[in-house]
Amino acid sequence: MDEVTGLFDRAKAIIPGGVSSPVRAFGSVGGAPVFIARAHGPHVVDVHGHEYVDLVASWGPALLGHAHPEVVEAVQAAAARGLSFGAPTSAEVELAEAVRARVPMAQQVRFVSTGTEATMTAVRLARGATGRDLIVKFAGCYHGHSDALLAAAGSGVATQGLPGSAGVTRAATADTVVVEFNDVEALSRVFEEQGDRIAAVITEGAPANMGVVPPAAGFNAAIREITSRHGALMIVDEVLTGFRVHPSGWLGLEGGYEPDLVTYGKVIGGGMPLAALAGGAELMQLLAPVGPVYQAGTLSGNPLATAAGLATLRLADDSVYRVVDARSAELRRAVGDALTAASVPHVVQTAGNLFSVFFREEAVSNYEDAKAQDTGAFARFFHAMLDQRVALPPSAFEAWFLTAAHDDAAMDRIVRALPSAARAASGA
Ligand SMILES: *Cc1c(COP(=O)(O)O)cnc(C)c1O
């Protein structure tokens, strides 16, 4: 038996579900996941040597395309100097300065390894700063897998969080209030009732983990106004949108309000494990070792990861965003046309260059809407695209990711695959 035969069976025998993160298992589209051997530019290549045009982009980080030569070179050079020191480095300072140059409110930056750690730390910092316990999150927003943020909504537009996973205790989510996204009235009511107990509201700048559901005009500004009025903090989670939708993330794209804390991940690490939280100096200095809010990490600010992040941000100039924006618009149009031609009910929703396709007629403004779509149609569409060697995110609730490396040839391969995939989605 060669080493790729039965790889998924071997994987499942030794790794739960055969994967290191659940969505990779194809659970919501069925079938066996594609094992990737390597990637370059807009392509991923599986263990059998089949090349796919990739629309996952490692779930966002590959803004420049996979294995950009200058990013790879920066990582190789850093590796040759040593993998990890457990001591400060100049690259961390440069990367933090690069973040602040793009996002002025990010006066100070703390690096961690995952988006989960970034949001978890932001929540702890908000609680430490305010001396309050409650956190408000929105249903359908994903902030990683820390216990307090794995809270699910009960029934109703604003409820005390319920454990969103086995193993999360009621106590861990008892201080998390879950509110329907885009519902200012429900948020106001929560603050009227418990405003003096709320440490922070956390929200995705533009949610893209329930499919893409942009905030209604004025929604984020309303969060800012309500939190300020009640002495609570506003945390904008830009782990997905940060440095992807605009040189300064969703905050740069939307503008008009300033949160207290912002979290980054994905693009900031350029494909390596790196994430960050950032905010005003006074608030950030409440973190250890200056302040009383403890936070630490053996591999935080890892030299290979900071090298990849720094190279990525240096290369991600305005022209990169122009290309990704244009490719995104091109693909949105082509997908919409193909689904319309095949009479498949759909709505394409956009947040900057992020978009997703909901297989339903009406616009989606919250998680309840997002769930009311034809996920079976998506699964058929997904597999028909995969059969034609175009790799979409394997779930109807994920954004599609373009990169600056998606050239005419790659776009052409996607566009040519769309009509038959749309027919498959229609069930005809
Ligand atoms: C991916 C993501 C996270 C979690 O980041 P990890 O690095 O997977 O822990 C948090 N928030 C948002 C908005 C994300 O998209």
# chains A, B, ... in the order shown; residues from 1 in each chain; ligands from 1
$ residues_near_ligand --ligand "ligand 1" --cutoff "8 Å" --atoms "only C-alpha atoms and all ligand atoms" --output "count of residues only"
28
$ select_by_dssp --residues "stretch 137-332 of chain A" --states "helix (DSSP H, G or I)" --output "VMD selection string"
chain A and resid 147 to 149 170 to 174 184 to 197 219 to 229 249 to 254 266 to 269 281 to 284 303 to 315 318 to 332
$ write_last_selection --atoms "C-alpha atoms" --output "PDB file, in the first residue's frame"
ATOM      1  CA  ASP A 147     -15.247  28.529  26.902  1.00  0.00           C
ATOM      2  CA  ALA A 148     -16.879  31.917  27.549  1.00  0.00           C
ATOM      3  CA  LEU A 149     -17.184  32.612  23.818  1.00  0.00           C
ATOM      4  CA  ARG A 170     -22.921  26.546  32.626  1.00  0.00           C
ATOM      5  CA  ALA A 171     -20.733  28.699  34.856  1.00  0.00           C
ATOM      6  CA  ALA A 172     -18.361  29.441  31.966  1.00  0.00           C
ATOM      7  CA  THR A 173     -21.159  30.843  29.808  1.00  0.00           C
ATOM      8  CA  ALA A 174     -23.343  32.265  32.598  1.00  0.00           C
ATOM      9  CA  VAL A 184     -29.875  47.445  18.099  1.00  0.00           C
ATOM     10  CA  GLU A 185     -33.115  47.358  20.059  1.00  0.00           C
ATOM     11  CA  ALA A 186     -32.274  44.029  21.716  1.00  0.00           C
ATOM     12  CA  LEU A 187     -28.787  45.279  22.538  1.00  0.00           C
ATOM     13  CA  SER A 188     -30.185  48.484  24.043  1.00  0.00           C
ATOM     14  CA  ARG A 189     -32.581  46.479  26.169  1.00  0.00           C
ATOM     15  CA  VAL A 190     -29.775  44.289  27.528  1.00  0.00           C
ATOM     16  CA  PHE A 191     -27.876  47.442  28.479  1.00  0.00           C
ATOM     17  CA  GLU A 192     -30.916  49.046  30.076  1.00  0.00           C
ATOM     18  CA  GLU A 193     -31.365  45.993  32.249  1.00  0.00           C
ATOM     19  CA  GLN A 194     -27.757  45.085  33.088  1.00  0.00           C
ATOM     20  CA  GLY A 195     -25.577  47.895  31.671  1.00  0.00           C
ATOM     21  CA  ASP A 196     -23.613  48.437  34.872  1.00  0.00           C
ATOM     22  CA  ARG A 197     -22.558  44.778  34.895  1.00  0.00           C
ATOM     23  CA  PHE A 219     -24.974  49.023  13.649  1.00  0.00           C
ATOM     24  CA  ASN A 220     -21.321  49.093  14.709  1.00  0.00           C
ATOM     25  CA  ALA A 221     -21.561  52.813  15.485  1.00  0.00           C
ATOM     26  CA  ALA A 222     -24.601  52.054  17.654  1.00  0.00           C
ATOM     27  CA  ILE A 223     -22.617  49.422  19.577  1.00  0.00           C
ATOM     28  CA  ARG A 224     -19.950  52.065  20.151  1.00  0.00           C
ATOM     29  CA  GLU A 225     -22.470  54.615  21.360  1.00  0.00           C
ATOM     30  CA  ILE A 226     -24.289  52.212  23.695  1.00  0.00           C
ATOM     31  CA  THR A 227     -21.119  50.732  25.220  1.00  0.00           C
ATOM     32  CA  SER A 228     -19.575  54.176  25.774  1.00  0.00           C
ATOM     33  CA  ARG A 229     -22.729  55.427  27.462  1.00  0.00           C
ATOM     34  CA  GLY A 249      -9.164  45.986   8.004  1.00  0.00           C
ATOM     35  CA  TRP A 250     -12.893  46.412   8.440  1.00  0.00           C
ATOM     36  CA  LEU A 251     -12.322  49.458  10.673  1.00  0.00           C
ATOM     37  CA  GLY A 252     -10.549  51.132   7.760  1.00  0.00           C
ATOM     38  CA  LEU A 253     -13.227  50.129   5.292  1.00  0.00           C
ATOM     39  CA  GLU A 254     -16.262  51.147   7.347  1.00  0.00           C
ATOM     40  CA  LYS A 266      -5.070  34.884   9.935  1.00  0.00           C
ATOM     41  CA  VAL A 267      -3.498  37.467   7.514  1.00  0.00           C
ATOM     42  CA  ILE A 268      -1.333  39.011  10.256  1.00  0.00           C
ATOM     43  CA  GLY A 269       0.607  35.734  10.431  1.00  0.00           C
ATOM     44  CA  ALA A 281      -1.887  52.336  25.421  1.00  0.00           C
ATOM     45  CA  GLU A 282      -3.574  52.934  28.768  1.00  0.00           C
ATOM     46  CA  LEU A 283      -5.842  49.921  28.363  1.00  0.00           C
ATOM     47  CA  MET A 284      -3.171  47.632  26.893  1.00  0.00           C
ATOM     48  CA  PRO A 303      10.365  34.515  15.050  1.00  0.00           C
ATOM     49  CA  LEU A 304       9.192  32.464  12.045  1.00  0.00           C
ATOM     50  CA  ALA A 305       5.617  33.642  12.474  1.00  0.00           C
ATOM     51  CA  THR A 306       6.585  37.297  12.885  1.00  0.00           C
ATOM     52  CA  ALA A 307       8.827  37.014   9.804  1.00  0.00           C
ATOM     53  CA  ALA A 308       5.917  35.667   7.742  1.00  0.00           C
ATOM     54  CA  GLY A 309       3.541  38.326   9.076  1.00  0.00           C
ATOM     55  CA  LEU A 310       5.964  41.173   8.503  1.00  0.00           C
ATOM     56  CA  ALA A 311       6.762  40.055   4.942  1.00  0.00           C
ATOM     57  CA  THR A 312       3.048  39.680   4.207  1.00  0.00           C
ATOM     58  CA  LEU A 313       2.088  43.117   5.519  1.00  0.00           C
ATOM     59  CA  ARG A 314       5.014  44.739   3.685  1.00  0.00           C
ATOM     60  CA  LEU A 315       3.926  43.135   0.410  1.00  0.00           C
ATOM     61  CA  ASP A 318      -2.814  49.064  -2.223  1.00  0.00           C
ATOM     62  CA  SER A 319      -2.371  47.198  -5.501  1.00  0.00           C
ATOM     63  CA  VAL A 320      -2.837  43.851  -3.709  1.00  0.00           C
ATOM     64  CA  TYR A 321      -6.172  45.004  -2.281  1.00  0.00           C
ATOM     65  CA  ARG A 322      -7.220  46.400  -5.668  1.00  0.00           C
ATOM     66  CA  VAL A 323      -6.568  43.014  -7.310  1.00  0.00           C
ATOM     67  CA  VAL A 324      -8.359  40.997  -4.609  1.00  0.00           C
ATOM     68  CA  ASP A 325     -11.324  43.413  -4.661  1.00  0.00           C
ATOM     69  CA  ALA A 326     -11.570  43.179  -8.462  1.00  0.00           C
ATOM     70  CA  ARG A 327     -11.302  39.366  -8.530  1.00  0.00           C
ATOM     71  CA  SER A 328     -13.946  39.140  -5.837  1.00  0.00           C
ATOM     72  CA  ALA A 329     -16.353  41.357  -7.809  1.00  0.00           C
ATOM     73  CA  GLU A 330     -15.692  39.302 -10.935  1.00  0.00           C
ATOM     74  CA  LEU A 331     -16.425  36.021  -9.185  1.00  0.00           C
ATOM     75  CA  ARG A 332     -19.522  37.296  -7.391  1.00  0.00           C
TER      76      ARG A 332
END
$ select_by_dssp --residues "stretch 78-300 of chain A" --states "strand (DSSP E or B)" --output "ChimeraX atom specification"
/A:108-112,134-138,151-152,158-160,162-163,176-179,198-204,233-238,261-264,275-279,287,293
$ residues_around --residues "A:Val213" --least-positions-apart "2" --cutoff "8 Å" --atoms "only C-alpha atoms" --output "list in words"
Ala206, Pro207, Ala208, Met210, Gly211, Pro215, Gln349, Thr350, Ala351, Val364, Ser365 and Asn366 of chain A
$ write_last_selection --atoms "N, CA and C atoms" --output "mmCIF file, in the first residue's frame"
data_model
loop_
_atom_site.group_PDB
_atom_site.id
_atom_site.type_symbol
_atom_site.label_atom_id
_atom_site.label_comp_id
_atom_site.auth_asym_id
_atom_site.auth_seq_id
_atom_site.Cartn_x
_atom_site.Cartn_y
_atom_site.Cartn_z
ATOM 1 N N ALA A 206 -17.239 42.650 10.453
ATOM 2 C CA ALA A 206 -18.284 42.186 9.546
ATOM 3 C C ALA A 206 -18.293 40.669 9.679
ATOM 4 N N PRO A 207 -19.347 40.101 10.256
ATOM 5 C CA PRO A 207 -19.372 38.652 10.474
ATOM 6 C C PRO A 207 -19.176 37.880 9.168
ATOM 7 N N ALA A 208 -18.319 36.878 9.234
ATOM 8 C CA ALA A 208 -18.055 36.061 8.042
ATOM 9 C C ALA A 208 -17.920 34.595 8.416
ATOM 10 N N MET A 210 -20.747 32.958 9.664
ATOM 11 C CA MET A 210 -22.084 32.363 9.476
ATOM 12 C C MET A 210 -22.460 32.583 8.006
ATOM 13 N N GLY A 211 -21.440 32.548 7.153
ATOM 14 C CA GLY A 211 -21.560 33.177 5.851
ATOM 15 C C GLY A 211 -21.308 34.654 6.091
ATOM 16 N N PRO A 215 -22.684 44.157 8.808
ATOM 17 C CA PRO A 215 -23.493 44.922 9.753
ATOM 18 C C PRO A 215 -24.368 45.921 8.997
ATOM 19 N N GLN A 349 -23.810 37.724 -0.611
ATOM 20 C CA GLN A 349 -23.605 38.837 0.339
ATOM 21 C C GLN A 349 -22.121 39.158 0.450
ATOM 22 N N THR A 350 -21.849 40.433 0.616
ATOM 23 C CA THR A 350 -20.500 40.954 0.467
ATOM 24 C C THR A 350 -20.097 41.817 1.661
ATOM 25 N N ALA A 351 -18.854 41.688 2.073
ATOM 26 C CA ALA A 351 -18.247 42.622 3.027
ATOM 27 C C ALA A 351 -16.849 42.899 2.506
ATOM 28 N N VAL A 364 -29.819 37.913 4.136
ATOM 29 C CA VAL A 364 -29.559 37.344 5.454
ATOM 30 C C VAL A 364 -29.029 38.446 6.365
ATOM 31 N N SER A 365 -29.718 38.699 7.505
ATOM 32 C CA SER A 365 -29.201 39.742 8.384
ATOM 33 C C SER A 365 -28.802 39.224 9.755
ATOM 34 N N ASN A 366 -29.042 37.921 10.008
ATOM 35 C CA ASN A 366 -28.609 37.352 11.291
ATOM 36 C C ASN A 366 -28.498 35.832 11.169
#
$ decode --residues "stretch 65-93 of chain A" --atoms "N, CA and C atoms" --output "PDB file, in the first residue's frame"
ATOM      1  N   GLY A  65      -1.619  34.881  -1.994  1.00  0.00           N
ATOM      2  CA  GLY A  65      -1.498  33.594  -2.666  1.00  0.00           C
ATOM      3  C   GLY A  65      -0.587  32.700  -1.834  1.00  0.00           C
ATOM      4  N   HIS A  66      -0.637  31.400  -2.137  1.00  0.00           N
ATOM      5  CA  HIS A  66       0.158  30.445  -1.349  1.00  0.00           C
ATOM      6  C   HIS A  66       1.642  30.544  -1.678  1.00  0.00           C
ATOM      7  N   ALA A  67       2.437  30.337  -0.654  1.00  0.00           N
ATOM      8  CA  ALA A  67       3.894  30.214  -0.812  1.00  0.00           C
ATOM      9  C   ALA A  67       4.491  31.361  -1.629  1.00  0.00           C
ATOM     10  N   HIS A  68       4.081  32.568  -1.295  1.00  0.00           N
ATOM     11  CA  HIS A  68       4.675  33.726  -1.978  1.00  0.00           C
ATOM     12  C   HIS A  68       6.200  33.676  -1.766  1.00  0.00           C
ATOM     13  N   PRO A  69       6.972  33.759  -2.845  1.00  0.00           N
ATOM     14  CA  PRO A  69       8.428  33.556  -2.720  1.00  0.00           C
ATOM     15  C   PRO A  69       9.081  34.438  -1.657  1.00  0.00           C
ATOM     16  N   GLU A  70       8.665  35.694  -1.572  1.00  0.00           N
ATOM     17  CA  GLU A  70       9.328  36.581  -0.600  1.00  0.00           C
ATOM     18  C   GLU A  70       8.941  36.260   0.836  1.00  0.00           C
ATOM     19  N   VAL A  71       7.729  35.740   1.022  1.00  0.00           N
ATOM     20  CA  VAL A  71       7.324  35.342   2.375  1.00  0.00           C
ATOM     21  C   VAL A  71       8.077  34.069   2.779  1.00  0.00           C
ATOM     22  N   VAL A  72       8.137  33.133   1.844  1.00  0.00           N
ATOM     23  CA  VAL A  72       8.849  31.878   2.121  1.00  0.00           C
ATOM     24  C   VAL A  72      10.323  32.167   2.423  1.00  0.00           C
ATOM     25  N   GLU A  73      10.898  33.068   1.651  1.00  0.00           N
ATOM     26  CA  GLU A  73      12.307  33.416   1.858  1.00  0.00           C
ATOM     27  C   GLU A  73      12.532  34.039   3.241  1.00  0.00           C
ATOM     28  N   ALA A  74      11.594  34.907   3.647  1.00  0.00           N
ATOM     29  CA  ALA A  74      11.716  35.547   4.965  1.00  0.00           C
ATOM     30  C   ALA A  74      11.647  34.500   6.081  1.00  0.00           C
ATOM     31  N   VAL A  75      10.758  33.513   5.903  1.00  0.00           N
ATOM     32  CA  VAL A  75      10.622  32.462   6.926  1.00  0.00           C
ATOM     33  C   VAL A  75      11.871  31.581   6.942  1.00  0.00           C
ATOM     34  N   GLN A  76      12.375  31.249   5.756  1.00  0.00           N
ATOM     35  CA  GLN A  76      13.586  30.414   5.692  1.00  0.00           C
ATOM     36  C   GLN A  76      14.770  31.117   6.341  1.00  0.00           C
ATOM     37  N   ALA A  77      14.882  32.410   6.076  1.00  0.00           N
ATOM     38  CA  ALA A  77      15.994  33.165   6.672  1.00  0.00           C
ATOM     39  C   ALA A  77      15.854  33.206   8.189  1.00  0.00           C
ATOM     40  N   ALA A  78      14.604  33.394   8.652  1.00  0.00           N
ATOM     41  CA  ALA A  78      14.378  33.430  10.104  1.00  0.00           C
ATOM     42  C   ALA A  78      14.678  32.060  10.710  1.00  0.00           C
ATOM     43  N   ALA A  79      14.271  30.984  10.032  1.00  0.00           N
ATOM     44  CA  ALA A  79      14.495  29.628  10.553  1.00  0.00           C
ATOM     45  C   ALA A  79      15.989  29.357  10.721  1.00  0.00           C
ATOM     46  N   ALA A  80      16.768  29.853   9.752  1.00  0.00           N
ATOM     47  CA  ALA A  80      18.213  29.617   9.819  1.00  0.00           C
ATOM     48  C   ALA A  80      18.848  30.324  11.020  1.00  0.00           C
ATOM     49  N   ARG A  81      18.145  31.370  11.526  1.00  0.00           N
ATOM     50  CA  ARG A  81      18.690  32.099  12.685  1.00  0.00           C
ATOM     51  C   ARG A  81      18.233  31.511  14.014  1.00  0.00           C
ATOM     52  N   GLY A  82      17.322  30.513  13.948  1.00  0.00           N
ATOM     53  CA  GLY A  82      16.834  29.900  15.194  1.00  0.00           C
ATOM     54  C   GLY A  82      15.333  29.933  15.244  1.00  0.00           C
ATOM     55  N   LEU A  83      14.723  28.861  15.752  1.00  0.00           N
ATOM     56  CA  LEU A  83      13.279  28.703  15.652  1.00  0.00           C
ATOM     57  C   LEU A  83      12.492  29.448  16.720  1.00  0.00           C
ATOM     58  N   SER A  84      13.053  29.572  17.889  1.00  0.00           N
ATOM     59  CA  SER A  84      12.327  30.219  18.984  1.00  0.00           C
ATOM     60  C   SER A  84      13.305  30.517  20.102  1.00  0.00           C
ATOM     61  N   PHE A  85      13.196  31.709  20.680  1.00  0.00           N
ATOM     62  CA  PHE A  85      14.176  32.104  21.690  1.00  0.00           C
ATOM     63  C   PHE A  85      13.569  32.273  23.082  1.00  0.00           C
ATOM     64  N   GLY A  86      12.270  32.498  23.155  1.00  0.00           N
ATOM     65  CA  GLY A  86      11.680  32.814  24.455  1.00  0.00           C
ATOM     66  C   GLY A  86      12.211  34.130  24.999  1.00  0.00           C
ATOM     67  N   ALA A  87      12.485  35.050  24.081  1.00  0.00           N
ATOM     68  CA  ALA A  87      13.020  36.367  24.446  1.00  0.00           C
ATOM     69  C   ALA A  87      12.548  37.349  23.380  1.00  0.00           C
ATOM     70  N   PRO A  88      12.521  38.642  23.705  1.00  0.00           N
ATOM     71  CA  PRO A  88      12.020  39.598  22.712  1.00  0.00           C
ATOM     72  C   PRO A  88      12.911  39.691  21.474  1.00  0.00           C
ATOM     73  N   THR A  89      12.300  40.069  20.340  1.00  0.00           N
ATOM     74  CA  THR A  89      13.046  40.203  19.084  1.00  0.00           C
ATOM     75  C   THR A  89      12.695  41.528  18.408  1.00  0.00           C
ATOM     76  N   SER A  90      13.552  41.954  17.496  1.00  0.00           N
ATOM     77  CA  SER A  90      13.284  43.205  16.782  1.00  0.00           C
ATOM     78  C   SER A  90      12.105  43.034  15.818  1.00  0.00           C
ATOM     79  N   ALA A  91      11.901  41.805  15.303  1.00  0.00           N
ATOM     80  CA  ALA A  91      10.808  41.597  14.343  1.00  0.00           C
ATOM     81  C   ALA A  91       9.447  41.858  14.993  1.00  0.00           C
ATOM     82  N   GLU A  92       9.306  41.513  16.290  1.00  0.00           N
ATOM     83  CA  GLU A  92       8.040  41.799  16.982  1.00  0.00           C
ATOM     84  C   GLU A  92       7.774  43.297  17.015  1.00  0.00           C
ATOM     85  N   VAL A  93       8.819  44.069  17.292  1.00  0.00           N
ATOM     86  CA  VAL A  93       8.672  45.517  17.362  1.00  0.00           C
ATOM     87  C   VAL A  93       8.265  46.058  15.986  1.00  0.00           C
TER      88      VAL A  93
END
